[in-house]
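Participant: Just passing along the structure, written as structure tokens.
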Amino acid sequence: MANKVSNDSAMLPALKLVQSSLAARRMARGLGVLLAASLVAMALLPWQQSARGTGKVVAYVPQERQQTVTSPTKGVVARLADGLVEGARVKQGDFILEIQPWAANLADQLGAQMRDMEAKLATAEAKIQVYEQNIQDFSAARDFAVKAAQEMVEGAAAKLQAKQDVIPGYVAKEWQTRANYERQRGLFEKGIKPEKEVEKLRSEWDVAKAELDAAHREVTAAEKEVEAKKYELEQKRREAQTKVDYARAMREDAAGQAATTRKEIRELEVKLDELDRLIIEAPRDGTIFRLPIYERGQVVKEGDDLFTIVPESTDHAVELWVSGNDTPLVRPGDHVRLQFEGWPALQFAGWPSVAVGTFGGEVATIDAADDGTGKFRLQVRPDADDSWPSERFLRQGVRANGWVMLSQVPLWYELWRQLNGFPPVVAKDAAQAEGSKETKTPKLPK
């Protein structure tokens with residue numbers, strides 16, 4: 001048999017040239033075993049899913065983040081702190097610089113205006129008191145004048161009543177004299193009474209008629225007098241009320257002047273307060289980051305940057321920007337692994353237990369809106385069981401990479417998910433929080 005193979009090899013030298021070497025055959029068998037082991041590992045090994053994000057270190061308290069102090073007014077830099085340079089450490093309340101207004105005597109001018117306004121306000125308040133007293137006096141005088149006029153109306157009405165009361169007597173007298181005259185005239189026509197007596201009765205009747213007419217005229221005059229007294233009463237009431245209304249109008253005018261003066265005083269107080277704020281001090285303990293004002297005589301406008309300070313902070317956090325595809329799966333309280341720039345680290349995304357140089361964190365907040373590019377900000381605070389690097393390495397602005405730990409799935413499913421671009425699996429407790437009964441391992445589509 002061996003001779004036959006040797007003969008075949010001798011007859012087919014090309015076959016001998018293309019045969020694999022022993023080392024290649026051994027390597028092929030090793031790769032086959034490795035492939036089979038990989039398939040078994042993918043079926044059995046677990047994989048920790050994560051939502052990756054990038055960001056930077058910030059202070060968790062907004063007041064401890066980088067701050068830029070601006071100029072409260074326009075003016076000229078009059079004085080700078082000695083030895084003030086970028087990178088200098090300052091304490092809260094330390095003097096930084098002083099701004100001088102354009103007008104050298106602006107404070108004196110504003111003080112003089114303030115005194116004038118205060119005197120004007122005092123005058124207006126005095127006018128208010130005077131007109132208030134005038135209102136009271138005019139109101140009392142109106143009441144007295146109206147009462148007197150009413151009494152005059154009542155007197156005229158009583159006089160009219162008296163005149164009307166005597167009318168019946170005159171009417172009766174006129175009727176009596178007329179009846180006597182007519183009776184005596186009848187007797188005179190019969191020749192019983194002399195003409196002289198009839199003429200006498202005639203004159204008595206004329207006198208009675210004249211007295212009755214005079215009484216009627218007096219009643220008419222009394223009625224007109226009553227009307228005149230009523231008109232006079234209304235006239236006095238309106239004249240007195242006009243004085244009261246005028247005093248009230250003047251009081252309101254004085255009150256308006258006082259209000260305007262108070263407004264002007266408040267505006268002057270604001271300007272004086274601005275002058276008091278021309279000495280700029282450090283708002284917090286920290287480090288001067290930028291100092292665009294570096295010499296005396298520099299002109300600044302309201303709102304110009306004076307200096308930027310980075311406050312000292314021990315309460316750090318990391319702003320992570322996570323894709324909107326993963327954000328719905330992240331919840332406050334989720335565990336995060338962080339890698340800081342400048343700190344050596346080796347991260348195994350699927351096996352955080354073997355990661356080296358990473359630090360633990362916890363999701364504190366999730367923004368309600370994206371940054372305009374579809375990414376959402378997470379604020380991550382240190383884990384209680386894992387301390388972060390010192391201030392030397394963990395300065396504000398240091399970039400960081402983060403992995404938010406999600407569900408644990410088989411390795412084969414993670415490879416399949418990555419190849420298809422599907423989002424991670426929702427954690428079981430998160431699904432229960434949404435009302436789901438249970439979360440099963442996803443099945444491959446048929």
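Ligands are numbered from 1 in the order shown, residues from 1 within each chain, and chains are lettered A, B, ... in the order they appear in the structure tokens.
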Using only C-alpha atoms, which residues sit within 10 Å of Glu312 (chain A) once same-chain residues fewer than 3 positions away are excluded, as a list in words?
Facilitator: Ala59, Glu64, Arg65, Gln66, Arg89, Val90, Lys91, Arg284, Asp285, Gly286, Thr287, Ile309, Asp315, Glu391, Arg395 and Gln396 of chain A
Participant: Set the distance at 10 Å and use only C-alpha atoms: which residues neighbour Val57 (chain A) once local chain neighbours fewer than 2 positions away are removed? I'd like the list as JSON, numbers by chain.
Facilitator: {"A": [55, 59, 60, 316, 317, 318, 319, 320, 340, 341, 379, 380, 394, 395, 396, 397, 398, 399, 400]}
Participant: For Thr373 (chain A), find every residue with an atom within 12 Å (counting only C-alpha atoms), except residues of its own chain fewer than 6 positions away, and show them as a ChimeraX atom specification.
Facilitator: /A:321-324
Participant: Enumerate the residues of region 28-210 of chain A with a DSSP assignment of alpha helix (DSSP H), computed from the backbone, and present them as a ChimeraX atom specification.
Facilitator: /A:28-44,106-190,195-210
Participant: Export C-alpha atoms of the chosen residues as a JSON list (two decimals), in the first residue's frame?
Facilitator:
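And here's result_37.json as it stands now:
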[["chain", "number", "residue", "atom", "x", "y", "z"],
["A", 28, "ALA", "CA", -6.79, 24.77, 11.17],
["A", 29, "ARG", "CA", -7.84, 22.23, 13.74],
["A", 30, "GLY", "CA", -7.12, 24.78, 16.51],
["A", 31, "LEU", "CA", -9.16, 27.47, 14.77],
["A", 32, "GLY", "CA", -12.03, 25.03, 14.35],
["A", 33, "VAL", "CA", -11.95, 24.21, 18.03],
["A", 34, "LEU", "CA", -11.77, 27.94, 18.85],
["A", 35, "LEU", "CA", -14.76, 28.64, 16.59],
["A", 36, "ALA", "CA", -16.77, 25.91, 18.26],
["A", 37, "ALA", "CA", -15.77, 27.25, 21.69],
["A", 38, "SER", "CA", -16.76, 30.78, 20.59],
["A", 39, "LEU", "CA", -20.19, 29.56, 19.56],
["A", 40, "VAL", "CA", -20.62, 27.82, 22.89],
["A", 41, "ALA", "CA", -19.36, 30.95, 24.72],
["A", 42, "MET", "CA", -21.78, 33.18, 22.81],
["A", 43, "ALA", "CA", -24.61, 30.91, 23.82],
["A", 44, "LEU", "CA", -23.61, 30.70, 27.48],
["A", 106, "LEU", "CA", -21.27, 112.13, 39.57],
["A", 107, "ALA", "CA", -21.88, 111.02, 43.15],
["A", 108, "ASP", "CA", -22.07, 114.65, 44.38],
["A", 109, "GLN", "CA", -24.43, 115.59, 41.55],
["A", 110, "LEU", "CA", -26.70, 112.66, 42.28],
["A", 111, "GLY", "CA", -26.64, 113.54, 45.98],
["A", 112, "ALA", "CA", -27.71, 117.13, 45.20],
["A", 113, "GLN", "CA", -30.50, 115.87, 42.97],
["A", 114, "MET", "CA", -31.59, 113.55, 45.75],
["A", 115, "ARG", "CA", -31.82, 116.45, 48.20],
["A", 116, "ASP", "CA", -33.82, 118.52, 45.70],
["A", 117, "MET", "CA", -36.19, 115.62, 45.12],
["A", 118, "GLU", "CA", -36.65, 115.11, 48.84],
["A", 119, "ALA", "CA", -37.52, 118.81, 49.27],
["A", 120, "LYS", "CA", -39.95, 118.58, 46.34],
["A", 121, "LEU", "CA", -41.53, 115.51, 47.92],
["A", 122, "ALA", "CA", -41.89, 117.31, 51.26],
["A", 123, "THR", "CA", -43.63, 120.22, 49.49],
["A", 124, "ALA", "CA", -46.01, 117.90, 47.71],
["A", 125, "GLU", "CA", -46.85, 116.10, 50.93],
["A", 126, "ALA", "CA", -47.49, 119.46, 52.65],
["A", 127, "LYS", "CA", -49.84, 120.41, 49.80],
["A", 128, "ILE", "CA", -51.68, 117.16, 50.28],
["A", 129, "GLN", "CA", -52.22, 117.95, 53.96],
["A", 130, "VAL", "CA", -53.35, 121.52, 53.20],
["A", 131, "TYR", "CA", -55.82, 120.46, 50.55],
["A", 132, "GLU", "CA", -57.08, 117.70, 52.80],
["A", 133, "GLN", "CA", -57.82, 120.32, 55.44],
["A", 134, "ASN", "CA", -59.44, 122.52, 52.80],
["A", 135, "ILE", "CA", -61.71, 119.67, 51.82],
["A", 136, "GLN", "CA", -62.83, 119.27, 55.41],
["A", 137, "ASP", "CA", -63.37, 123.05, 55.88],
["A", 138, "PHE", "CA", -65.21, 123.50, 52.57],
["A", 139, "SER", "CA", -67.37, 120.48, 53.32],
["A", 140, "ALA", "CA", -68.31, 121.94, 56.72],
["A", 141, "ALA", "CA", -68.99, 125.38, 55.18],
["A", 142, "ARG", "CA", -71.12, 123.75, 52.50],
["A", 143, "ASP", "CA", -73.17, 121.98, 55.12],
["A", 144, "PHE", "CA", -73.69, 125.21, 57.09],
["A", 145, "ALA", "CA", -74.61, 127.23, 54.00],
["A", 146, "VAL", "CA", -77.03, 124.58, 52.79],
["A", 147, "LYS", "CA", -78.62, 124.38, 56.22],
["A", 148, "ALA", "CA", -79.06, 128.17, 56.39],
["A", 149, "ALA", "CA", -80.56, 128.25, 52.91],
["A", 150, "GLN", "CA", -82.90, 125.42, 53.82],
["A", 151, "GLU", "CA", -84.07, 127.39, 56.85],
["A", 152, "MET", "CA", -84.71, 130.40, 54.60],
["A", 153, "VAL", "CA", -86.75, 128.19, 52.30],
["A", 154, "GLU", "CA", -88.69, 126.91, 55.27],
["A", 155, "GLY", "CA", -89.30, 130.54, 56.48],
["A", 156, "ALA", "CA", -90.58, 131.56, 53.05],
["A", 157, "ALA", "CA", -92.81, 128.50, 52.97],
["A", 158, "ALA", "CA", -94.20, 129.43, 56.42],
["A", 159, "LYS", "CA", -94.84, 132.99, 55.26],
["A", 160, "LEU", "CA", -96.64, 131.64, 52.19],
["A", 161, "GLN", "CA", -98.78, 129.44, 54.40],
["A", 162, "ALA", "CA", -99.68, 132.45, 56.55],
["A", 163, "LYS", "CA", -100.71, 134.42, 53.49],
["A", 164, "GLN", "CA", -102.79, 131.51, 52.27],
["A", 165, "ASP", "CA", -104.47, 131.20, 55.67],
["A", 166, "VAL", "CA", -105.92, 134.77, 55.53],
["A", 167, "ILE", "CA", -107.42, 134.29, 52.07],
["A", 168, "PRO", "CA", -110.64, 132.62, 53.38],
["A", 169, "GLY", "CA", -111.31, 135.62, 55.67],
["A", 170, "TYR", "CA", -111.03, 138.07, 52.81],
["A", 171, "VAL", "CA", -113.20, 135.83, 50.65],
["A", 172, "ALA", "CA", -115.87, 135.70, 53.36],
["A", 173, "LYS", "CA", -115.72, 139.46, 53.88],
["A", 174, "GLU", "CA", -116.05, 140.11, 50.12],
["A", 175, "TRP", "CA", -119.04, 137.73, 49.96],
["A", 176, "GLN", "CA", -120.71, 139.40, 52.95],
["A", 177, "THR", "CA", -120.28, 142.95, 51.64],
["A", 178, "ARG", "CA", -121.46, 141.90, 48.19],
["A", 179, "ALA", "CA", -124.57, 140.21, 49.64],
["A", 180, "ASN", "CA", -125.38, 143.31, 51.71],
["A", 181, "TYR", "CA", -124.96, 145.56, 48.72],
["A", 182, "GLU", "CA", -127.19, 143.42, 46.50],
["A", 183, "ARG", "CA", -129.89, 143.22, 49.19],
["A", 184, "GLN", "CA", -129.88, 146.97, 49.86],
["A", 185, "ARG", "CA", -129.87, 147.74, 46.16],
["A", 186, "GLY", "CA", -133.01, 145.65, 45.78],
["A", 187, "LEU", "CA", -134.67, 147.64, 48.52],
["A", 188, "PHE", "CA", -133.46, 150.87, 46.91],
["A", 189, "GLU", "CA", -135.05, 149.85, 43.63],
["A", 190, "LYS", "CA", -138.31, 149.32, 45.54],
["A", 195, "GLU", "CA", -129.43, 155.84, 47.58],
["A", 196, "LYS", "CA", -126.81, 157.09, 50.04],
["A", 197, "GLU", "CA", -126.84, 153.89, 52.06],
["A", 198, "VAL", "CA", -126.60, 151.81, 48.89],
["A", 199, "GLU", "CA", -123.54, 153.77, 47.77],
["A", 200, "LYS", "CA", -121.93, 153.23, 51.16],
["A", 201, "LEU", "CA", -122.43, 149.47, 50.90],
["A", 202, "ARG", "CA", -121.07, 149.66, 47.35],
["A", 203, "SER", "CA", -117.86, 151.28, 48.61],
["A", 204, "GLU", "CA", -117.54, 148.67, 51.38],
["A", 205, "TRP", "CA", -117.83, 145.90, 48.76],
["A", 206, "ASP", "CA", -115.13, 147.55, 46.61],
["A", 207, "VAL", "CA", -112.85, 147.76, 49.61],
["A", 208, "ALA", "CA", -113.42, 144.05, 50.35],
["A", 209, "LYS", "CA", -112.67, 143.11, 46.75],
["A", 210, "ALA", "CA", -109.48, 145.20, 46.82]]
Participant: Residues near Ile293 (chain A), anyone? I mean within 12 Å using only C-alpha atoms, not counting same-chain ones fewer than 4 positions away, as a PyMOL selection string.
Facilitator: chain A and resi 69-71+76-81+84-86+96-99+288+297-300+304-308
